[in-house]
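Student: Following this line is coords.csv, made up of CSV, C-alpha atoms and all ligand atoms:
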```csv
chain,number,residue,atom,x,y,z
A,1,MET,CA,-75.5,-34.1,-20.5
A,2,MET,CA,-73.7,-37.1,-21.8
A,3,ASN,CA,-75.2,-40.5,-21.2
A,4,SER,CA,-72.3,-41.8,-19.2
A,5,MET,CA,-72.3,-38.7,-17.0
A,6,SER,CA,-76.0,-39.1,-16.2
A,7,ASN,CA,-75.4,-42.7,-15.3
A,8,THR,CA,-72.8,-41.5,-12.8
A,9,VAL,CA,-75.1,-38.9,-11.5
A,10,GLU,CA,-77.8,-41.6,-10.9
A,11,LYS,CA,-75.3,-43.6,-9.0
A,12,LEU,CA,-74.4,-40.6,-6.9
A,13,LYS,CA,-78.0,-39.9,-6.0
A,14,ARG,CA,-78.0,-43.2,-4.2
A,15,ILE,CA,-75.2,-42.1,-1.9
A,16,VAL,CA,-76.1,-38.4,-1.5
A,17,ASN,CA,-79.6,-37.2,-0.8
A,18,ASN,CA,-80.8,-33.9,-2.1
A,19,LEU,CA,-78.0,-33.6,-4.6
A,20,ASP,CA,-77.6,-30.0,-5.8
A,21,ILE,CA,-76.7,-30.3,-9.5
A,22,THR,CA,-75.8,-27.5,-11.9
A,23,LYS,CA,-75.1,-28.4,-15.5
A,24,VAL,CA,-72.3,-26.1,-16.6
A,25,ASP,CA,-72.2,-27.4,-20.1
A,26,GLU,CA,-72.4,-30.7,-22.1
A,27,ARG,CA,-69.4,-32.2,-20.4
A,28,GLU,CA,-69.2,-30.4,-17.1
A,29,ILE,CA,-71.4,-30.8,-14.0
A,30,LYS,CA,-71.1,-28.9,-10.8
A,31,LEU,CA,-72.2,-30.5,-7.5
A,32,GLU,CA,-72.6,-28.4,-4.3
A,33,LEU,CA,-72.3,-30.7,-1.3
A,34,PRO,CA,-72.3,-30.4,2.5
A,35,ASN,CA,-68.9,-30.9,4.0
A,36,GLU,CA,-69.3,-34.5,5.2
A,37,GLN,CA,-70.4,-35.8,1.8
A,38,VAL,CA,-67.5,-34.6,-0.2
A,39,LEU,CA,-65.1,-37.5,0.5
A,40,PRO,CA,-67.7,-40.3,-0.2
A,41,THR,CA,-68.6,-38.5,-3.5
A,42,LEU,CA,-65.0,-38.0,-4.6
A,43,LEU,CA,-64.4,-41.7,-3.9
A,44,ALA,CA,-67.5,-42.8,-5.8
A,45,LEU,CA,-66.5,-40.6,-8.8
A,46,LYS,CA,-62.9,-41.9,-8.7
A,47,GLU,CA,-64.2,-45.4,-8.9
A,48,ASP,CA,-66.5,-44.5,-11.8
A,49,GLY,CA,-63.6,-43.3,-14.0
A,50,TYR,CA,-63.3,-39.7,-12.9
A,51,SER,CA,-59.9,-40.5,-11.6
A,52,HIS,CA,-57.9,-37.5,-12.7
A,53,LEU,CA,-57.8,-34.7,-10.1
A,54,SER,CA,-57.2,-31.7,-12.2
A,55,LEU,CA,-57.3,-29.1,-9.5
A,56,ILE,CA,-58.2,-28.2,-6.0
A,57,THR,CA,-58.9,-24.5,-5.6
A,58,ALA,CA,-60.9,-22.1,-3.5
A,59,VAL,CA,-63.1,-19.1,-3.9
A,60,ASP,CA,-63.4,-16.4,-1.2
A,61,TRP,CA,-67.0,-15.4,-0.6
A,62,ILE,CA,-66.1,-12.7,1.9
A,63,ASP,CA,-69.6,-11.4,2.4
A,64,GLU,CA,-70.9,-14.8,3.3
A,65,GLY,CA,-67.9,-15.4,5.5
A,66,LYS,CA,-67.2,-18.7,3.6
A,67,PHE,CA,-64.5,-20.2,1.5
A,68,GLU,CA,-65.7,-22.5,-1.3
A,69,LEU,CA,-63.5,-25.4,-2.0
A,70,VAL,CA,-63.6,-26.7,-5.5
A,71,TYR,CA,-62.4,-30.2,-6.6
A,72,ILE,CA,-62.2,-30.8,-10.3
A,73,LEU,CA,-62.3,-34.4,-11.5
A,74,TYR,CA,-61.8,-35.4,-15.1
A,75,SER,CA,-62.4,-38.6,-16.9
A,76,TRP,CA,-60.0,-39.8,-19.5
A,77,ASP,CA,-62.7,-42.3,-20.8
A,78,ASN,CA,-65.3,-39.8,-21.9
A,79,GLY,CA,-63.8,-36.3,-21.4
A,80,GLY,CA,-66.4,-35.4,-18.7
A,81,LYS,CA,-65.7,-33.2,-15.8
A,82,PHE,CA,-67.1,-33.0,-12.3
A,83,LEU,CA,-66.8,-29.9,-10.1
A,84,ILE,CA,-67.3,-30.8,-6.5
A,85,THR,CA,-67.7,-27.8,-4.3
A,86,THR,CA,-68.3,-27.3,-0.6
A,87,LYS,CA,-68.3,-24.3,1.6
A,88,ILE,CA,-66.2,-24.0,4.8
A,89,ASN,CA,-66.0,-21.4,7.5
A,90,ARG,CA,-63.8,-18.5,6.6
A,91,ASP,CA,-62.6,-17.6,10.1
A,92,THR,CA,-61.3,-21.1,11.0
A,93,PRO,CA,-60.8,-22.5,7.5
A,94,LYS,CA,-60.2,-26.3,7.8
A,95,PHE,CA,-61.0,-29.3,5.8
A,96,VAL,CA,-59.7,-32.9,5.5
A,97,THR,CA,-57.0,-34.0,3.2
A,98,VAL,CA,-57.5,-36.2,0.1
A,99,LYS,CA,-53.8,-37.0,-0.3
A,100,HIS,CA,-54.4,-40.7,0.4
A,101,MET,CA,-56.6,-40.8,-2.7
A,102,TRP,CA,-54.5,-38.6,-5.0
A,103,PRO,CA,-50.9,-38.1,-3.9
A,104,ILE,CA,-50.7,-34.9,-6.0
A,105,ALA,CA,-53.3,-33.3,-3.7
A,106,ARG,CA,-50.6,-32.5,-1.2
A,107,TYR,CA,-49.3,-29.8,-3.5
A,108,TYR,CA,-52.7,-28.3,-4.1
A,109,GLU,CA,-53.4,-28.3,-0.4
A,110,ARG,CA,-50.1,-26.6,0.3
A,111,GLU,CA,-51.0,-24.0,-2.3
A,112,LEU,CA,-54.4,-23.4,-0.7
A,113,HIS,CA,-52.7,-23.0,2.7
A,114,GLU,CA,-50.3,-20.6,1.3
A,115,PHE,CA,-52.8,-18.4,-0.7
A,116,PHE,CA,-55.9,-18.7,1.5
A,117,GLY,CA,-54.7,-20.0,4.8
A,118,ILE,CA,-56.8,-23.1,4.7
A,119,LYS,CA,-55.6,-26.0,6.8
A,120,PHE,CA,-56.1,-29.7,5.9
A,121,GLU,CA,-56.3,-32.3,8.6
A,122,GLY,CA,-54.0,-35.2,7.9
A,123,ASN,CA,-51.6,-33.2,5.8
A,124,ASN,CA,-49.0,-31.7,8.0
A,125,ASP,CA,-46.6,-30.5,5.3
A,126,MET,CA,-47.7,-26.9,5.0
A,127,ARG,CA,-44.4,-25.4,3.9
A,128,PRO,CA,-44.8,-22.5,1.5
A,129,LEU,CA,-44.8,-23.6,-2.1
A,130,PHE,CA,-44.6,-20.6,-4.5
A,131,LEU,CA,-44.0,-17.5,-2.4
A,132,GLU,CA,-40.7,-17.0,-0.7
A,133,MET,CA,-40.4,-15.3,2.7
A,134,TRP,CA,-44.0,-14.1,2.6
A,135,ASP,CA,-44.7,-11.8,5.5
A,136,ASP,CA,-48.4,-10.8,5.2
A,137,MET,CA,-51.8,-12.4,5.3
A,138,PRO,CA,-52.5,-15.0,2.6
A,139,PRO,CA,-52.6,-13.0,-0.6
A,140,LEU,CA,-55.6,-14.4,-2.4
A,141,ARG,CA,-58.0,-13.5,0.4
A,142,LYS,CA,-60.3,-10.7,-0.7
A,143,ASP,CA,-59.4,-8.5,2.3
A,144,PHE,CA,-55.7,-8.4,1.2
A,145,ASP,CA,-54.8,-5.3,-0.6
A,146,PRO,CA,-52.1,-6.1,-3.2
A,147,PHE,CA,-51.6,-2.5,-4.2
A,148,GLU,CA,-50.8,-1.4,-0.7
A,149,TYR,CA,-48.4,-4.3,-0.3
A,150,SER,CA,-46.7,-3.5,-3.6
A,151,LYS,CA,-46.2,0.1,-2.6
A,152,ARG,CA,-44.8,-0.8,0.7
A,153,LYS,CA,-42.4,-3.5,-0.5
A,154,PHE,CA,-41.5,-2.6,-4.1
A,155,PRO,CA,-40.8,1.1,-4.5
A,156,ASP,CA,-42.0,2.6,-7.7
A,157,ARG,CA,-40.3,5.1,-10.0
A,158,GLU,CA,-41.1,8.7,-9.2
A,159,TYR,CA,-42.0,10.7,-12.3
A,160,GLN,CA,-41.6,14.4,-12.6
A,161,LYS,CA,-44.0,16.2,-14.7
A,162,ASP,CA,-42.4,18.6,-17.1
A,163,VAL,CA,-45.2,21.1,-17.8
A,164,ILE,CA,-43.2,23.4,-20.0
A,165,HIS,CA,-42.1,20.6,-22.3
A,166,GLU,CA,-45.7,19.3,-22.6
A,167,ALA,CA,-47.0,22.8,-23.4
A,168,LYS,CA,-44.4,23.1,-26.1
A,169,ILE,CA,-45.6,19.8,-27.7
A,170,ILE,CA,-49.2,21.0,-27.5
A,171,ARG,CA,-48.3,24.4,-29.2
A,172,GLY,CA,-46.4,22.5,-31.8
A,173,ASP,CA,-43.0,24.0,-31.1
A,174,ILE,CA,-41.5,20.5,-30.8
A,175,ASP,CA,-42.5,17.2,-32.2
A,176,GLY,CA,-44.0,15.0,-29.5
B,1,MET,CA,-10.5,7.4,-11.0
B,2,ALA,CA,-13.9,8.7,-12.0
B,3,VAL,CA,-16.4,6.3,-13.3
B,4,ASP,CA,-16.2,7.2,-16.9
B,5,GLU,CA,-12.4,7.8,-17.3
B,6,ARG,CA,-10.8,5.2,-19.5
B,7,SER,CA,-7.2,4.5,-20.4
B,8,LEU,CA,-6.3,4.1,-24.1
B,9,TRP,CA,-6.2,0.4,-23.8
B,10,GLU,CA,-9.7,0.3,-22.3
B,11,LYS,CA,-11.0,2.5,-25.1
B,12,ILE,CA,-9.6,0.0,-27.6
B,13,ALA,CA,-11.0,-2.9,-25.6
B,14,ASP,CA,-14.4,-1.3,-25.5
B,15,LYS,CA,-14.4,-0.8,-29.2
B,16,LEU,CA,-13.7,-4.5,-29.7
B,17,ARG,CA,-16.1,-5.6,-27.0
B,18,SER,CA,-19.0,-3.7,-28.6
B,19,ARG,CA,-18.5,-5.9,-31.8
B,20,SER,CA,-18.9,-9.2,-30.0
B,21,LEU,CA,-21.6,-9.2,-27.4
B,22,TRP,CA,-22.9,-12.4,-25.9
B,23,MET,CA,-26.3,-12.2,-24.4
B,24,LEU,CA,-27.9,-14.2,-21.6
B,25,HIS,CA,-31.7,-13.8,-21.5
B,26,TYR,CA,-33.7,-14.1,-18.4
B,27,CYS,CA,-37.0,-14.8,-20.1
B,28,THR,CA,-39.7,-14.9,-17.4
B,29,GLY,CA,-41.8,-12.2,-18.9
B,30,CYS,CA,-44.2,-12.4,-21.9
B,31,GLY,CA,-42.0,-10.1,-24.0
B,32,ALA,CA,-39.5,-12.9,-24.4
B,33,MET,CA,-41.7,-13.8,-27.4
B,34,GLU,CA,-40.1,-11.0,-29.4
B,35,LEU,CA,-36.6,-12.6,-29.1
B,36,PRO,CA,-37.0,-15.5,-31.5
B,37,PRO,CA,-37.7,-13.3,-34.5
B,38,THR,CA,-34.9,-11.0,-33.4
B,39,MET,CA,-32.4,-13.8,-33.4
B,40,THR,CA,-33.6,-15.8,-36.4
B,41,SER,CA,-33.3,-15.0,-40.1
B,42,ARG,CA,-35.8,-12.2,-40.4
B,43,PHE,CA,-34.1,-9.7,-38.2
B,44,ASP,CA,-30.9,-11.7,-37.6
B,45,MET,CA,-29.2,-10.2,-34.6
B,46,GLU,CA,-26.1,-12.1,-35.3
B,47,ARG,CA,-25.1,-9.7,-38.1
B,48,PHE,CA,-24.2,-7.3,-35.3
B,49,GLY,CA,-21.9,-9.8,-33.7
B,50,MET,CA,-24.4,-10.7,-31.0
B,51,GLY,CA,-25.2,-14.2,-30.0
B,52,PRO,CA,-27.2,-16.0,-27.3
B,53,MET,CA,-25.1,-17.5,-24.5
B,54,ALA,CA,-26.2,-20.2,-22.1
B,55,THR,CA,-24.2,-19.4,-19.0
B,56,PRO,CA,-23.8,-16.2,-17.0
B,57,ARG,CA,-20.0,-16.8,-16.8
B,58,GLN,CA,-19.6,-16.2,-20.5
B,59,ALA,CA,-22.2,-13.6,-21.1
B,60,ASP,CA,-21.7,-9.9,-21.5
B,61,ILE,CA,-25.4,-8.8,-21.5
B,62,LEU,CA,-28.0,-9.8,-19.1
B,63,PHE,CA,-31.3,-9.3,-20.9
B,64,ILE,CA,-34.4,-9.1,-18.7
B,65,THR,CA,-37.7,-9.5,-20.5
B,66,GLY,CA,-40.5,-8.1,-18.5
B,67,TYR,CA,-41.8,-8.7,-15.0
B,68,LEU,CA,-39.7,-10.2,-12.3
B,69,SER,CA,-41.4,-11.6,-9.2
B,70,ALA,CA,-39.6,-11.4,-5.9
B,71,LYS,CA,-38.7,-15.0,-6.3
B,72,THR,CA,-37.1,-14.6,-9.8
B,73,LEU,CA,-35.4,-11.3,-8.7
B,74,ARG,CA,-33.4,-13.4,-6.3
B,75,ARG,CA,-32.2,-15.6,-9.1
B,76,VAL,CA,-31.5,-12.6,-11.3
B,77,ILE,CA,-29.3,-11.0,-8.6
B,78,TYR,CA,-27.4,-14.4,-8.3
B,79,THR,CA,-27.0,-14.5,-12.1
B,80,TYR,CA,-25.9,-10.9,-12.3
B,81,GLU,CA,-23.3,-11.3,-9.6
B,82,LYS,CA,-21.9,-14.4,-11.4
B,83,MET,CA,-21.3,-12.6,-14.6
B,84,ALA,CA,-17.8,-11.5,-15.4
B,85,GLU,CA,-17.1,-7.8,-15.8
B,86,PRO,CA,-17.7,-5.8,-17.8
B,87,ARG,CA,-21.4,-6.7,-17.8
B,88,TYR,CA,-24.4,-4.8,-19.1
B,89,VAL,CA,-28.0,-5.1,-18.3
B,90,ILE,CA,-30.9,-4.3,-20.6
B,91,GLY,CA,-34.4,-4.0,-19.2
B,92,PHE,CA,-37.0,-4.9,-21.8
B,93,GLY,CA,-40.6,-3.8,-21.5
B,94,SER,CA,-42.5,-1.5,-19.3
B,95,CYS,CA,-42.6,-4.1,-16.5
B,96,THR,CA,-38.9,-3.6,-15.8
B,97,LEU,CA,-39.4,0.1,-16.0
B,98,ASN,CA,-42.3,0.8,-13.7
B,99,GLY,CA,-44.1,-2.4,-13.1
B,100,GLY,CA,-46.2,-2.1,-16.3
B,101,ILE,CA,-49.6,-3.7,-16.0
B,102,TYR,CA,-48.4,-5.6,-12.9
B,103,TYR,CA,-47.7,-2.3,-11.0
B,104,ASP,CA,-50.1,-3.4,-8.2
B,105,SER,CA,-49.1,-7.0,-7.9
B,106,TYR,CA,-48.0,-8.4,-4.6
B,107,ALA,CA,-45.6,-10.7,-6.3
B,108,THR,CA,-43.7,-8.5,-8.9
B,109,ILE,CA,-41.2,-5.7,-8.4
B,110,ASN,CA,-41.8,-2.3,-9.9
B,111,ARG,CA,-38.5,-1.0,-10.9
B,112,LEU,CA,-35.5,-3.1,-11.9
B,113,ASP,CA,-32.8,-0.4,-11.5
B,114,TYR,CA,-33.5,-0.2,-7.8
B,115,TYR,CA,-31.9,-3.6,-7.4
B,116,ILE,CA,-29.3,-3.9,-10.1
B,117,PRO,CA,-27.9,-1.2,-12.4
B,118,VAL,CA,-29.7,-1.1,-15.8
B,119,ASP,CA,-27.7,0.4,-18.7
B,120,LEU,CA,-30.6,0.6,-21.1
B,121,TYR,CA,-34.4,0.3,-21.0
B,122,ILE,CA,-36.6,-0.5,-23.9
B,123,ALA,CA,-40.1,0.9,-23.3
B,124,GLY,CA,-43.2,-0.8,-24.6
B,125,CYS,CA,-45.5,-3.7,-23.9
B,126,MET,CA,-44.1,-5.5,-25.7
B,127,PRO,CA,-41.4,-3.8,-27.8
B,128,ARG,CA,-41.1,-5.0,-31.4
B,129,PRO,CA,-37.9,-6.6,-32.8
B,130,GLU,CA,-37.0,-3.2,-34.5
B,131,ALA,CA,-37.0,-1.6,-31.1
B,132,LEU,CA,-34.7,-4.3,-29.8
B,133,LEU,CA,-32.2,-3.9,-32.7
B,134,GLU,CA,-32.3,-0.1,-32.1
B,135,ALA,CA,-31.5,-0.8,-28.5
B,136,PHE,CA,-28.7,-3.2,-29.2
B,137,ASN,CA,-27.1,-0.7,-31.5
B,138,GLU,CA,-27.5,2.0,-28.9
B,139,LEU,CA,-25.9,-0.2,-26.3
B,140,MET,CA,-22.9,-0.8,-28.7
B,141,ARG,CA,-22.6,3.0,-29.2
B,142,MET,CA,-22.7,3.5,-25.4
B,143,ILE,CA,-20.0,0.9,-24.9
B,144,ARG,CA,-17.8,2.5,-27.5
B,145,ARG,CA,-18.3,5.9,-25.8
B,146,GLY,CA,-17.7,4.4,-22.4
B,147,GLU,CA,-21.2,5.2,-21.2
B,148,ALA,CA,-22.4,1.8,-20.3
B,149,ASN,CA,-21.1,1.9,-16.8
B,150,GLY,CA,-23.7,0.0,-14.8
B,151,TRP,CA,-21.2,-2.6,-13.6
B,152,LYS,CA,-19.0,0.1,-12.2
B,153,LYS,CA,-21.9,1.8,-10.5
B,154,TYR,CA,-22.8,-1.5,-8.9
B,155,LYS,CA,-19.4,-1.8,-7.4
B,156,GLU,CA,-19.4,1.7,-6.1
B,157,ASN,CA,-22.9,1.7,-4.7
B,158,TYR,CA,-22.9,-1.9,-3.6
B,159,GLU,CA,-24.2,-1.0,-0.2
B,160,TRP,CA,-27.2,0.9,-1.6
B,161,TYR,CA,-28.1,-1.9,-4.0
B,162,LYS,CA,-27.8,-4.5,-1.3
B,163,GLN,CA,-29.9,-2.5,1.1
B,164,ASN,CA,-32.7,-2.2,-1.5
B,165,GLN,CA,-32.5,-5.9,-2.3
B,166,ILE,CA,-32.9,-6.7,1.4
B,167,ARG,CA,-35.7,-4.2,1.8
B,168,SER,CA,-37.8,-5.9,-0.9
B,169,LEU,CA,-36.7,-9.5,-0.6
B,170,GLY,CA,-35.8,-9.9,3.1
B,171,GLU,CA,-32.9,-12.1,2.2
B,172,VAL,CA,-31.1,-12.6,-1.2
B,173,PHE,CA,-30.0,-16.1,-0.4
B,174,VAL,CA,-32.0,-18.7,-2.4
B,175,HIS,CA,-33.6,-21.5,-0.4
B,176,ASP,CA,-35.0,-24.2,-2.6
B,177,GLU,CA,-36.7,-27.3,-1.2
B,178,PHE,CA,-36.1,-29.3,-4.4
B,179,HIS,CA,-32.3,-28.8,-4.3
B,180,GLU,CA,-31.5,-28.5,-0.7
C,1,LIG,S1,-44.0,-5.2,-20.4
C,1,LIG,FE1,-45.9,-6.2,-21.2
C,1,LIG,S2,-45.1,-7.8,-22.6
C,1,LIG,FE2,-43.4,-7.2,-21.2
C,1,LIG,S3,-43.6,-8.6,-19.4
C,1,LIG,FE3,-44.7,-6.8,-18.9
C,1,LIG,S4,-46.8,-7.3,-19.5
C,1,LIG,FE4,-45.5,-8.7,-20.6
```
What is this file in structure tokens?
Tutor:
Amino acid sequence: MMNSMSNTVEKLKRIVNNLDITKVDEREIKLELPNEQVLPTLLALKEDGYSHLSLITAVDWIDEGKFELVYILYSWDNGGKFLITTKINRDTPKFVTVKHMWPIARYYERELHEFFGIKFEGNNDMRPLFLEMWDDMPPLRKDFDPFEYSKRKFPDREYQKDVIHEAKIIRGDIDG
Amino acid sequence: MAVDERSLWEKIADKLRSRSLWMLHYCTGCGAMELPPTMTSRFDMERFGMGPMATPRQADILFITGYLSAKTLRRVIYTYEKMAEPRYVIGFGSCTLNGGIYYDSYATINRLDYYIPVDLYIAGCMPRPEALLEAFNELMRMIRRGEANGWKKYKENYEWYKQNQIRSLGEVFVHDEFHE
């Protein structure tokens, strides 16, 4: 772990007790946090130079009944990266917005609402962002079946098997 | 008049048309990568009298490279309907043929000729520039023989195409929050 990153981790330990730290690699650290400690941690990291919000995304842990929210913060000073993750309930997925800290977050949050159905308190603009006229459950949930949807919405070509022709190729009558 | 019946004047016009085709490419698919070598000096598509064109109003060929999502299909239908007749469509890559590796995607269509008429398909993922040149030559031959009649089919079966478009897209009209 880089020196500057361990300094930051030391600082975080003062705000958050029982910090769950995973070192992904030399410049990447993952922190799993309880819901209520996410915002203070993000704020502390932002003040410490990790001010670039690269991404907010989610992972569907369907067997646990949880969504895992992932915030990725990047520092332009030392190239280090922090992954802040927290698990929320899958049945009533809700979290708080961070759009007051990073205006760009409102697009990520819209995307998460569109693809996972997660709502963000404080961000009311939940218009669809990528999909147009979507008419099913949010498509990146694990219980959504894309193949079934594709078959229903986008008809496929029907192929007819020409057995005689294939037999001729196998026998060498015609050049396949 | 049957679809493929042509007057003498049309036969002459087709002959001339086939020598000067302008192409509009809708390059949302990965196969678009094969176009630059086709256009530039190595394979030099221009020696066949073909050139790239920036607007649908002036283009003869609509060249679709690979997968189309429901969202882009809407734009493609717009583009196609804006083109002046006669207009030809080439579907490039297996994605336009049968969905290719995205056959089970919730976002991409599986078969282009269900929505707009396709005169010629190029199979492969992705087809090489040689295949493209072969296809362009084939299209020119088809135009000369009066076989590239997709645009007439579209007019005749407009209802069928529209109904398919509505079935998959819900509505063809484009709503766009950044332009409305
Ligand atoms: S056919 Fe292959 S190369 Fe072409 S768009 Fe589909 S996946 Fe990409």
Student: Please find the residues contacting ligand LIG 1 (chain C) at a distance of at most 12 Å between atoms, with only C-alpha atoms and all ligand atoms counted, and report them as a JSON list (two decimals) with C-alpha atoms, keeping the file's coordinate frame.
Tutor:
```json
[["chain", "number", "residue", "atom", "x", "y", "z"],
["B", 26, "TYR", "CA", -33.70, -14.10, -18.40],
["B", 27, "CYS", "CA", -37.00, -14.80, -20.10],
["B", 28, "THR", "CA", -39.70, -14.90, -17.40],
["B", 29, "GLY", "CA", -41.80, -12.20, -18.90],
["B", 30, "CYS", "CA", -44.20, -12.40, -21.90],
["B", 31, "GLY", "CA", -42.00, -10.10, -24.00],
["B", 32, "ALA", "CA", -39.50, -12.90, -24.40],
["B", 33, "MET", "CA", -41.70, -13.80, -27.40],
["B", 34, "GLU", "CA", -40.10, -11.00, -29.40],
["B", 35, "LEU", "CA", -36.60, -12.60, -29.10],
["B", 64, "ILE", "CA", -34.40, -9.10, -18.70],
["B", 65, "THR", "CA", -37.70, -9.50, -20.50],
["B", 66, "GLY", "CA", -40.50, -8.10, -18.50],
["B", 67, "TYR", "CA", -41.80, -8.70, -15.00],
["B", 68, "LEU", "CA", -39.70, -10.20, -12.30],
["B", 69, "SER", "CA", -41.40, -11.60, -9.20],
["B", 91, "GLY", "CA", -34.40, -4.00, -19.20],
["B", 92, "PHE", "CA", -37.00, -4.90, -21.80],
["B", 93, "GLY", "CA", -40.60, -3.80, -21.50],
["B", 94, "SER", "CA", -42.50, -1.50, -19.30],
["B", 95, "CYS", "CA", -42.60, -4.10, -16.50],
["B", 96, "THR", "CA", -38.90, -3.60, -15.80],
["B", 97, "LEU", "CA", -39.40, 0.10, -16.00],
["B", 98, "ASN", "CA", -42.30, 0.80, -13.70],
["B", 99, "GLY", "CA", -44.10, -2.40, -13.10],
["B", 100, "GLY", "CA", -46.20, -2.10, -16.30],
["B", 101, "ILE", "CA", -49.60, -3.70, -16.00],
["B", 102, "TYR", "CA", -48.40, -5.60, -12.90],
["B", 103, "TYR", "CA", -47.70, -2.30, -11.00],
["B", 105, "SER", "CA", -49.10, -7.00, -7.90],
["B", 108, "THR", "CA", -43.70, -8.50, -8.90],
["B", 109, "ILE", "CA", -41.20, -5.70, -8.40],
["B", 110, "ASN", "CA", -41.80, -2.30, -9.90],
["B", 111, "ARG", "CA", -38.50, -1.00, -10.90],
["B", 121, "TYR", "CA", -34.40, 0.30, -21.00],
["B", 122, "ILE", "CA", -36.60, -0.50, -23.90],
["B", 123, "ALA", "CA", -40.10, 0.90, -23.30],
["B", 124, "GLY", "CA", -43.20, -0.80, -24.60],
["B", 125, "CYS", "CA", -45.50, -3.70, -23.90],
["B", 126, "MET", "CA", -44.10, -5.50, -25.70],
["B", 127, "PRO", "CA", -41.40, -3.80, -27.80],
["B", 128, "ARG", "CA", -41.10, -5.00, -31.40]]
```
Student: Hey, what's within 9 Å of Asn78 in chain A if we count all atoms listed in the file and toss same-chain stuff fewer than 5 positions away? As a short mmCIF file (atom, residue, chain, number, x, y, z; two decimals) with C-alpha atoms, keeping the file's coordinate frame, please?
Tutor:
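Result went into selection-v1.cif, see below:
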```
data_model
loop_
_atom_site.label_atom_id
_atom_site.label_comp_id
_atom_site.auth_asym_id
_atom_site.auth_seq_id
_atom_site.Cartn_x
_atom_site.Cartn_y
_atom_site.Cartn_z
CA MET A 2 -73.70 -37.10 -21.80
CA SER A 4 -72.30 -41.80 -19.20
CA MET A 5 -72.30 -38.70 -17.00
CA ARG A 27 -69.40 -32.20 -20.40
CA GLY A 49 -63.60 -43.30 -14.00
#
```
Student: Kindly provide the residues of chain A that approach chain B to within 7 Å, each paired with its closest atom pair and their distance in Å to one decimal, based on all atoms listed in the file, listed by chain and increasing number, as JSON lines.
Tutor:
```
{"residue": "A:Glu132", "atom": "CA", "partner": "B:Lys71", "partner_atom": "CA", "distance": 6.3}
{"residue": "A:Pro146", "atom": "CA", "partner": "B:Tyr106", "partner_atom": "CA", "distance": 4.9}
{"residue": "A:Phe147", "atom": "CA", "partner": "B:Asp104", "partner_atom": "CA", "distance": 4.4}
{"residue": "A:Tyr149", "atom": "CA", "partner": "B:Tyr106", "partner_atom": "CA", "distance": 6.0}
{"residue": "A:Ser150", "atom": "CA", "partner": "B:Tyr106", "partner_atom": "CA", "distance": 5.2}
{"residue": "A:Lys153", "atom": "CA", "partner": "B:Ser168", "partner_atom": "CA", "distance": 5.2}
{"residue": "A:Phe154", "atom": "CA", "partner": "B:Ile109", "partner_atom": "CA", "distance": 5.3}
{"residue": "A:Pro155", "atom": "CA", "partner": "B:Asn110", "partner_atom": "CA", "distance": 6.5}
{"residue": "A:Asp156", "atom": "CA", "partner": "B:Asn110", "partner_atom": "CA", "distance": 5.4}
{"residue": "A:Arg157", "atom": "CA", "partner": "B:Asn98", "partner_atom": "CA", "distance": 6.0}
```
Student: Could you check the closest approach to Asn157 in chain B for each of B:Ile77, B:Ile116, B:Leu24, B:Ala59 and tell me which residue wins, using all atoms listed in the file?
Tutor: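 Of the candidates, the smallest distance to Asn157 in chain B is held by B:Ile116.
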Student: Kindly indicate which residue among A:Leu140, A:Ile72, A:Val98, A:Met133 lies nearest to Gly117 in chain A, using all atoms listed in the file for the distances.
Tutor: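 Distance minimum relative to Gly117 in chain A lands on A:Leu140.
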Student: For CA of Thr72 in chain B and CA of Phe43 in chain B, determine how far apart the two atoms are, in Å to one decimal place.
Tutor: 29.0 Å
Student: State, in Å with one decimal place, the distance from CA of Ile29 in chain A to CA of Ser6 in chain A.
Tutor: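 For CA of Ile29 in chain A relative to CA of Ser6 in chain A, the distance reads 9.7 Å.
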Student: Out of A:Ser75, A:Arg90, A:Val9, A:Asp173, which residue has the shortest atom-to-atom distance to Thr22 in chain A when counting only C-alpha atoms?
Tutor: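 So, comparing all the options, the nearest one is A:Val9.
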Student: What's the separation between CA of Arg87 in chain B and CA of Gly150 in chain B, in Å to one decimal place?
Tutor: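 Between CA of Arg87 in chain B and CA of Gly150 in chain B the gap works out to 7.7 Å.
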Student: Considering only C-alpha atoms, can you say which of A:Leu112, A:Lys151, A:Gly122, A:Asp162 comes closest to Pro139 in chain A?
Tutor: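 Closest to Pro139 in chain A, using only C-alpha atoms: A:Leu112.
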Student: Just checking: using all atoms listed in the file, which residue out of A:Asp63, A:Glu114, A:Glu166, A:Glu26 ends up closest to Asp136 in chain A?
Tutor: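 So, comparing all the options, the nearest one is A:Glu114.
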Student: Quick one: residues within 12 Å of Phe82 in chain A, all atoms listed in the file counted, chain neighbours fewer than 2 positions away excluded, as an NGL selection string?
Tutor: :A and (1 or 5-6 or 8-9 or 12 or 21-32 or 41-42 or 44-46 or 48-56 or 70-75 or 78-80 or 84-85)
Student: Show which residues sit within 10 Å of Asp143 in chain A, as a PyMOL selection string. Count all atoms listed in the file, and ignore same-chain residues fewer than 6 positions away.
Tutor: chain A and resi 60+62+137
Student: Starting from the point (-30.0, 1.1, -22.8), work out which residues of protein, DNA or RNA have an atom no more than 12 Å away when counting all atoms listed in the file; state them as an MDAnalysis selection string.
Tutor: chainID B and resid 61:64 88:93 97 113 117:123 131:143 147:150
Student: For Glu36 in chain A, which residue among A:Lys87, A:Lys99, A:Arg106, A:Arg152 is the nearest when counting all atoms listed in the file?
Tutor: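 Comparing A:Lys87, A:Lys99, A:Arg106, A:Arg152 against Glu36 in chain A, the winner is A:Lys87.
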